[in-house]
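> One structure, pasted below without further comment.
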Amino acid sequence: MVDRRLAWLAGIVLFWGAAIFYKIVSLQVVHHGEYSELATANQVLVEDIPAPRGTIFDRNGQPLAMSLPTESVSIDPLRAPDLAVASELLAMVLHLDRTALYGKMKWAHDNRHRFFWVKRKISHEEAENLRDLRARAGLAWIHIQDESQRHYPKGTLAAHVLGSVDFEERGNAGIEQVLDAELRGQPGQTRMLTDVKRRGIDSQAASEMKPGTPITLTIDERVQFVAEREIAAAVEAHHAQSGSVVVMNPYTGEILAMASYPTYDPNLPPQRGEDKTGRINHAISVPFEPGSVFKVITLSAALETTDLRPTSMINCLRGAITLFGRTIHEAHGGYGTIPMAMVLAKSSNIGAIQIGMRVGQTNMHQYVRKFGFGRKSGIPLPGESGGKVRQLARWSSASLPSMSMGQEISVTTLQLAQAAAVVANGGLLVKPRLVSKKGGQTVPAEQPVRVLKPETAITMRQMMEGVVMPGGTGTKARLQGYTSGGKTGSAQIYDPAARHYTHSYNGSFMGFAPLTNPAMVAVVTLNGTHGTAGFGGQAAAPVFHAVVTEALRVLDVPKDLPDQAPASTLAKSDEDAADLAIADIGRGEPNILEDGDEEDQPDQPAGPTVPNFRGMTMRAVLSEAVAKGLTVLPDGSGVARVQDPPPGSTLHQGERIRVQFAR
Amino acid sequence: MATLPAFFRGTAETGFPAWSDSEPERDPFRLRTLPQEDVFFYCKKIDNGRLVREADPQARGACWSAIGAACVLLAVLTSVLVPNVASTLAGYKLQALRVEERQLRDEERTLEVQEAELLSPQRLETLAQGQNLVAPLSGQVVRLNAKGDNAVAMVK
C-alpha cells in the first residue's frame, strides 16, 4: 500500500519536473530568440540623438545662426480611438484649428497612414501640457519627438549671407544652402537598458552622433549692421527699388559686410504670396550696367597699354562727340582739354570714350576679363550672377565707347568690389572669401592673380583720390581723418519691355580707405533712384562715407590725416556731382541685359600662350614670334635650348620671351 | 456549555445520548464541572545549580564551522552581489547625469542664443538712442588693454 503511494508520489514529482524541464527548454532553447527579442524590446529603449546643426559665427565669434532643441508632435492615426475627440484634444493643447486638424487626421486615417505630423517645433509650454495629458490619459498613440530648430538671434542681420533652412533644417538659401553638408550633423542612436519604470540603467551608443561643423564667416557683425542700416536708409530716402553694399578686405578678399535691401527675417518661414524681392541678394545676384564707376577699368587699361599718364591731356571736345552719325553730349556742360586725372575726377564721358578708343577693343576686352567681370567670383553663395561681357567677336563699333564709360556690360556689386580691390591692393585680383574657418580649420585663401602693375595701381589710387576731393564727383564720400579714393557712377536703367533706357538710375560708388595702405574697399549700389539726387555721388557716396567711417573705427585703423573737419564736402552744384554715363550709344544693338549667358563659359587665358621654341633655329623662332605678335629676346647662337617663360604658359601684358640658343 | 469531550464522556458513562430525556437522577440545579476542575497545579523549586554541562568539543567545532561557513557564504554573496548592485546604482546615476548633461547643454545653447539676442547691434543701438548716446568717432576710443580686449576702453 505504502509502496504504491510512494510510486504515485514519485511519478507525480517526476511529471512535474519533466513539465518544468520542458518549459525551461522551450523558453531557453526553442523560443530563445523570440523571447529574447521580446525582452530586449521591453528593456532596451532605442533613442535617437538629434545632431545639432553647426553654429555660424561672425569673424569675432558672435553667433549668427544656432540650432536649439525643440519637440514635434506626431500620432498614429490608426491607433487613435476616436479621431474627433483626438483632434479636439490636440487642437486645444497645441493651439490648432480643430476642423482643419480633424480633416487632415481623417485623411491620414482613411489612407491607412500610421504616421502623421500634428505640429512641428512646438513651444516648451505646449510640450509640457501635452506630456501631462498623455501621461494622465494614457494616450500612447501620441508621440513627442526631439528635433532642433534654427535660430537667427540677430534677426535680419546678414540674412542674405546666412540664408535660411526649411522645416527639415535643410539649408535653402545663403551659406546655409551652400555649406549644408558640413553644417548638418549626423544624428546618432543610443540603446538604453531600462527598468520597469523606463528609467535608464545603462546606455550604449549604437551609432555616434556627429554635430554639424561650426562655420566662422569673415563678416563683422558691427560693420554688417552699419552697412544694412545705411543702405536701408538710403533706399528709403531716395525711393530706390533696392540697394546693396559690399565691404571687403582688399588684400585677403575677406568680405566684412554684404548687405542687401530689401531684406527679410530668416527666423520666419516664407509666407504664401510673399514678395520674394526681399530674399534676393542684390549684391551678387542682380547684375546692372555700372556706368561711370567702370571708368576705373578703362583708365587702368589705358595706363597699362598706352602711353597715357594722369597728366596726359585728353580733349573732351567741349562736351560733344560725334560717333556713328550721332552727336553725344556730356551729362552736364562740357570740358575742353583736361588731364586724364581730371577726366576721372569729373567723370567725363567723352574723356573716357577718348581714352577707351586709345586702349582698343582687344585690350579693353582683355582687361575687363582680367578684372573678373563676366564670370562668377566663386563666393560660396547660391544664385551668384557672373554679369555679362560680350565676346570680342560680338562687339559692335559702339561697344568700345559704351564700355569705356560702363555701358554694354553688366556687373554685380561684388564684382565691382573685387575690381576696386585690384586697385587698392597693388594690382592683384583676389577671390572674395566669405568663410574664414570650418570647424576650427582655417580655410586657405586662393593665390591672387596679378592684373595691374603695382605702379599702375598706385597711380589709379592717386587719381581716384581726386574724385573725393573738392571738384570731384564723389566729395560726399570724403572721410574725416582718413585719406580715401573712389569713383561715382550713375547709369540709366534699361527697360527690356519698352526696349529703351528709362529715367531711373543705378547710382553707385566704389572706393577704399586709407589711400596709402587701404584697409577696406566698399561698393555701394542703389538701384532705381530718380533724378540727380539719385546719382552715385549724391545717393551712394554718403552711404560709403557712413559705412567706411564706422568700419575704420571698428577695425581700429589708425588715422592718416590730422583730426580736422574736411573742407566743404558738398559739391558746389549738381553739375559737380554729375557722372551720368551716356546710355544707348549703339542704338539698334540689343542691350547687354537682354543677352544670354554667353560668357559664363570657362575663361579664355588672359594673354597669348608661349609657343615651344626649343630645337628651332633663330630665324624660325623670330618669324614665328613676329607672326604671333610676340617679343623675343634671343641670346647666343645655334638652336633654341632654353626659354623663359616655359612653353604653354600665359604671357602677361608687356612680357617678353627670353630664348637661349646654343649649338 | 459542555465541551465536546465532556459531552461524549457523559454520554459514554450513561450509555444514552446526552439529549435524552431519560436522566431523572441528575440534579437540575447542580453546577456543571469545569474542565480540569480536579487538577491542581503547584510549583516546586528545583535547584539545577550543581548540574554542569558536559564539554562537547565536536559539537562546538561543528557550531563554529557552521558560523564560519555562513560568514564565508555571506562574504562570497556580498562580493558577488555588491558590485552588481553598485553597478546598477551607478548606471542609474550615470544615466541621470547624462540626461542632466544634455539638458544643461541645451540650456547653455538657449542662453547663448538669448545672449546673442541681447547683444544684437540693432538692440544695442535702440538702447543707446534711448539714452541719447552716440557712437564714438574714429580715434576717440582708446583701448586700455594692449592685448586688444574690447571690454576695457576709454572714450576721450
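Letters A, B, ... go to the chains of the C-alpha cells in the order shown; residues in each chain start at 1; ligands are counted from 1 in the same order.
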With a cut-off of 6 Å and counting only C-alpha atoms, select all residues of chain A in contact with chain B and give the selection as a ChimeraX atom specification.
/A:153-154,200-202,553
> Now that the selection is made, can you save its residues with N, CA and C atoms as a short mmCIF file (atom, residue, chain, number, x, y, z; two decimals), in the first residue's frame?

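Output saved as result27.cif:
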data_model
loop_
_atom_site.label_atom_id
_atom_site.label_comp_id
_atom_site.auth_asym_id
_atom_site.auth_seq_id
_atom_site.Cartn_x
_atom_site.Cartn_y
_atom_site.Cartn_z
N PRO A 153 19.67 84.75 -34.01
CA PRO A 153 19.44 85.66 -32.89
C PRO A 153 19.55 87.14 -33.26
N LYS A 154 20.21 87.43 -34.36
CA LYS A 154 20.35 88.85 -34.73
C LYS A 154 19.25 89.29 -35.69
N GLY A 200 16.55 54.77 -17.15
CA GLY A 200 17.75 54.24 -17.77
C GLY A 200 18.71 53.66 -16.77
N ILE A 201 19.23 52.49 -17.07
CA ILE A 201 20.23 51.87 -16.20
C ILE A 201 21.60 51.97 -16.86
N ASP A 202 21.63 51.67 -18.13
CA ASP A 202 22.90 51.69 -18.83
C ASP A 202 22.61 52.03 -20.29
N ARG A 553 36.61 102.68 -37.73
CA ARG A 553 36.63 102.79 -36.27
C ARG A 553 36.58 101.41 -35.62
#
> Report as number ranges by chain: the residues of region 434-551 of chain A with a DSSP assignment of helix (DSSP H, G or I), based on the backbone of this structure.
A: 454-468, 475-477, 532-534, 536-551
> Quick one: residues within 8 Å of region 336-350 of chain A, only C-alpha atoms, excluding same-chain residues fewer than 2 positions away - as a VMD selection string?
chain A and resid 292 295 to 296 308 to 321 329 to 331 334 352 to 354 405 463 to 464 466 to 468 471 to 473 487 to 488 576 to 582
> Go ahead and save the picked residues with N, CA and C atoms, as a CSV table (one decimal), in the first residue's frame.

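Result file is result.csv:
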chain,number,residue,atom,x,y,z
A,292,SER,N,29.6,105.0,-64.7
A,292,SER,CA,30.9,105.7,-64.6
A,292,SER,C,31.9,105.0,-63.7
A,295,LYS,N,34.8,103.5,-65.4
A,295,LYS,CA,35.9,104.2,-66.0
A,295,LYS,C,37.2,103.9,-65.3
A,296,VAL,N,37.1,103.4,-64.1
A,296,VAL,CA,38.4,103.0,-63.4
A,296,VAL,C,39.0,101.9,-64.2
A,308,LEU,N,49.5,106.9,-72.1
A,308,LEU,CA,48.7,107.9,-71.3
A,308,LEU,C,49.1,107.8,-69.8
A,309,ARG,N,49.2,109.0,-69.3
A,309,ARG,CA,49.6,109.1,-67.8
A,309,ARG,C,48.6,110.1,-67.2
A,310,PRO,N,48.5,110.2,-65.9
A,310,PRO,CA,47.5,111.1,-65.3
A,310,PRO,C,47.6,112.5,-65.8
A,311,THR,N,48.7,112.9,-66.2
A,311,THR,CA,48.9,114.3,-66.6
A,311,THR,C,48.6,114.4,-68.2
A,312,SER,N,48.5,113.3,-68.8
A,312,SER,CA,48.2,113.4,-70.3
A,312,SER,C,46.9,114.1,-70.5
A,313,MET,N,47.0,115.0,-71.5
A,313,MET,CA,45.9,115.9,-71.8
A,313,MET,C,44.9,115.1,-72.7
A,314,ILE,N,43.7,115.2,-72.3
A,314,ILE,CA,42.6,114.5,-73.1
A,314,ILE,C,41.6,115.6,-73.6
A,315,ASN,N,41.4,115.5,-74.9
A,315,ASN,CA,40.5,116.5,-75.4
A,315,ASN,C,39.0,116.0,-75.2
A,316,CYS,N,38.3,116.7,-74.4
A,316,CYS,CA,36.9,116.3,-74.1
A,316,CYS,C,36.0,117.0,-75.1
A,317,LEU,N,36.5,117.7,-76.0
A,317,LEU,CA,35.7,118.2,-77.1
A,317,LEU,C,34.5,119.1,-76.7
A,318,ARG,N,34.7,119.8,-75.6
A,318,ARG,CA,33.8,120.8,-75.1
A,318,ARG,C,32.4,120.1,-74.9
A,319,GLY,N,32.4,118.8,-74.6
A,319,GLY,CA,31.2,118.2,-74.2
A,319,GLY,C,30.3,117.6,-75.3
A,320,ALA,N,30.9,117.5,-76.5
A,320,ALA,CA,30.1,116.8,-77.6
A,320,ALA,C,31.1,116.0,-78.5
A,321,ILE,N,30.6,114.9,-78.8
A,321,ILE,CA,31.4,114.0,-79.7
A,321,ILE,C,30.4,113.3,-80.7
A,329,HIS,N,26.6,114.1,-76.0
A,329,HIS,CA,27.0,115.2,-75.1
A,329,HIS,C,27.3,114.6,-73.7
A,330,GLU,N,28.0,115.5,-73.0
A,330,GLU,CA,28.3,115.1,-71.6
A,330,GLU,C,26.9,115.3,-70.8
A,331,ALA,N,26.9,114.7,-69.7
A,331,ALA,CA,25.7,114.8,-68.9
A,331,ALA,C,25.4,116.2,-68.5
A,334,GLY,N,30.4,120.7,-70.3
A,334,GLY,CA,31.4,120.1,-71.1
A,334,GLY,C,32.8,120.6,-70.7
A,352,ALA,N,36.4,109.7,-71.2
A,352,ALA,CA,36.5,108.2,-71.1
A,352,ALA,C,36.5,107.5,-72.4
A,353,ILE,N,35.6,108.0,-73.3
A,353,ILE,CA,35.5,107.4,-74.6
A,353,ILE,C,36.8,107.6,-75.4
A,354,GLN,N,37.3,108.8,-75.3
A,354,GLN,CA,38.6,109.1,-76.0
A,354,GLN,C,39.7,108.2,-75.5
A,405,MET,N,32.7,103.8,-70.7
A,405,MET,CA,32.0,104.5,-69.6
A,405,MET,C,31.0,103.7,-68.9
A,463,MET,N,44.7,108.9,-58.6
A,463,MET,CA,43.6,109.6,-59.4
A,463,MET,C,42.3,109.4,-58.8
A,464,MET,N,42.0,108.3,-58.1
A,464,MET,CA,40.7,108.1,-57.5
A,464,MET,C,40.6,109.0,-56.3
A,466,GLY,N,41.3,112.0,-56.3
A,466,GLY,CA,40.8,113.2,-56.9
A,466,GLY,C,39.3,113.3,-57.0
A,467,VAL,N,38.7,112.1,-57.0
A,467,VAL,CA,37.2,112.0,-57.2
A,467,VAL,C,36.5,112.5,-55.9
A,468,VAL,N,37.2,112.2,-54.7
A,468,VAL,CA,36.5,112.6,-53.5
A,468,VAL,C,37.0,114.0,-53.0
A,471,GLY,N,35.9,119.4,-56.1
A,471,GLY,CA,35.9,119.4,-57.6
A,471,GLY,C,35.6,118.1,-58.2
A,472,GLY,N,35.7,117.0,-57.4
A,472,GLY,CA,35.4,115.7,-57.9
A,472,GLY,C,33.9,115.4,-57.8
A,473,THR,N,33.5,114.3,-58.3
A,473,THR,CA,32.1,113.9,-58.3
A,473,THR,C,31.7,113.2,-57.0
A,487,LYS,N,35.2,106.2,-56.8
A,487,LYS,CA,34.6,106.6,-58.1
A,487,LYS,C,33.1,106.5,-58.0
A,488,THR,N,32.5,107.5,-58.5
A,488,THR,CA,31.0,107.5,-58.5
A,488,THR,C,30.5,106.9,-59.9
A,576,ASP,N,28.7,119.3,-60.5
A,576,ASP,CA,29.9,118.7,-60.0
A,576,ASP,C,29.7,117.3,-59.7
A,577,ALA,N,28.5,116.9,-59.3
A,577,ALA,CA,28.3,115.5,-58.9
A,577,ALA,C,27.7,114.7,-60.1
A,578,ALA,N,27.6,115.4,-61.3
A,578,ALA,CA,27.0,114.7,-62.4
A,578,ALA,C,28.0,113.7,-63.0
A,579,ASP,N,27.7,112.4,-63.0
A,579,ASP,CA,28.6,111.4,-63.5
A,579,ASP,C,27.8,110.4,-64.3
A,580,LEU,N,26.7,110.9,-64.9
A,580,LEU,CA,25.9,110.0,-65.7
A,580,LEU,C,26.5,109.6,-66.9
A,581,ALA,N,26.6,108.3,-67.1
A,581,ALA,CA,27.1,107.7,-68.3
A,581,ALA,C,26.1,107.8,-69.4
A,582,ILE,N,26.6,108.1,-70.6
A,582,ILE,CA,25.7,108.3,-71.8
A,582,ILE,C,25.2,106.9,-72.2
> Hey, what's within 9 Å of Pro611 (chain A) if we count only C-alpha atoms and toss same-chain stuff fewer than 4 positions away? As a ChimeraX atom specification, please?
/A:624-625,646-649
> Which neighbours of Arg184 (chain A) fall inside 10 Å, counting only C-alpha atoms, when residues of the same chain fewer than 3 positions from it are skipped, and could you give them as a list in words?
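The residues that qualify are Ala51, Pro52, Arg53, Gly54, Thr55, Glu169, Arg170, Gly171, Glu176, Leu179, Asp180, Ala181, Pro187, Lys210, Pro211, Gly212, Thr213 and Pro214 of chain A.
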> Which of these, A:Thr617, A:Asn267, A:Thr298, A:Thr252, has the shortest distance to Ala445 (chain A) once you count only C-alpha atoms?
A:Thr252
> Skip Ala127 (chain A) itself and residues of its chain fewer than 3 positions away, then list as an NGL selection string all residues within 12 Å of it, counting only C-alpha atoms.
:A and (70-74 or 90 or 93-95 or 119-124 or 130-134 or 142-146)
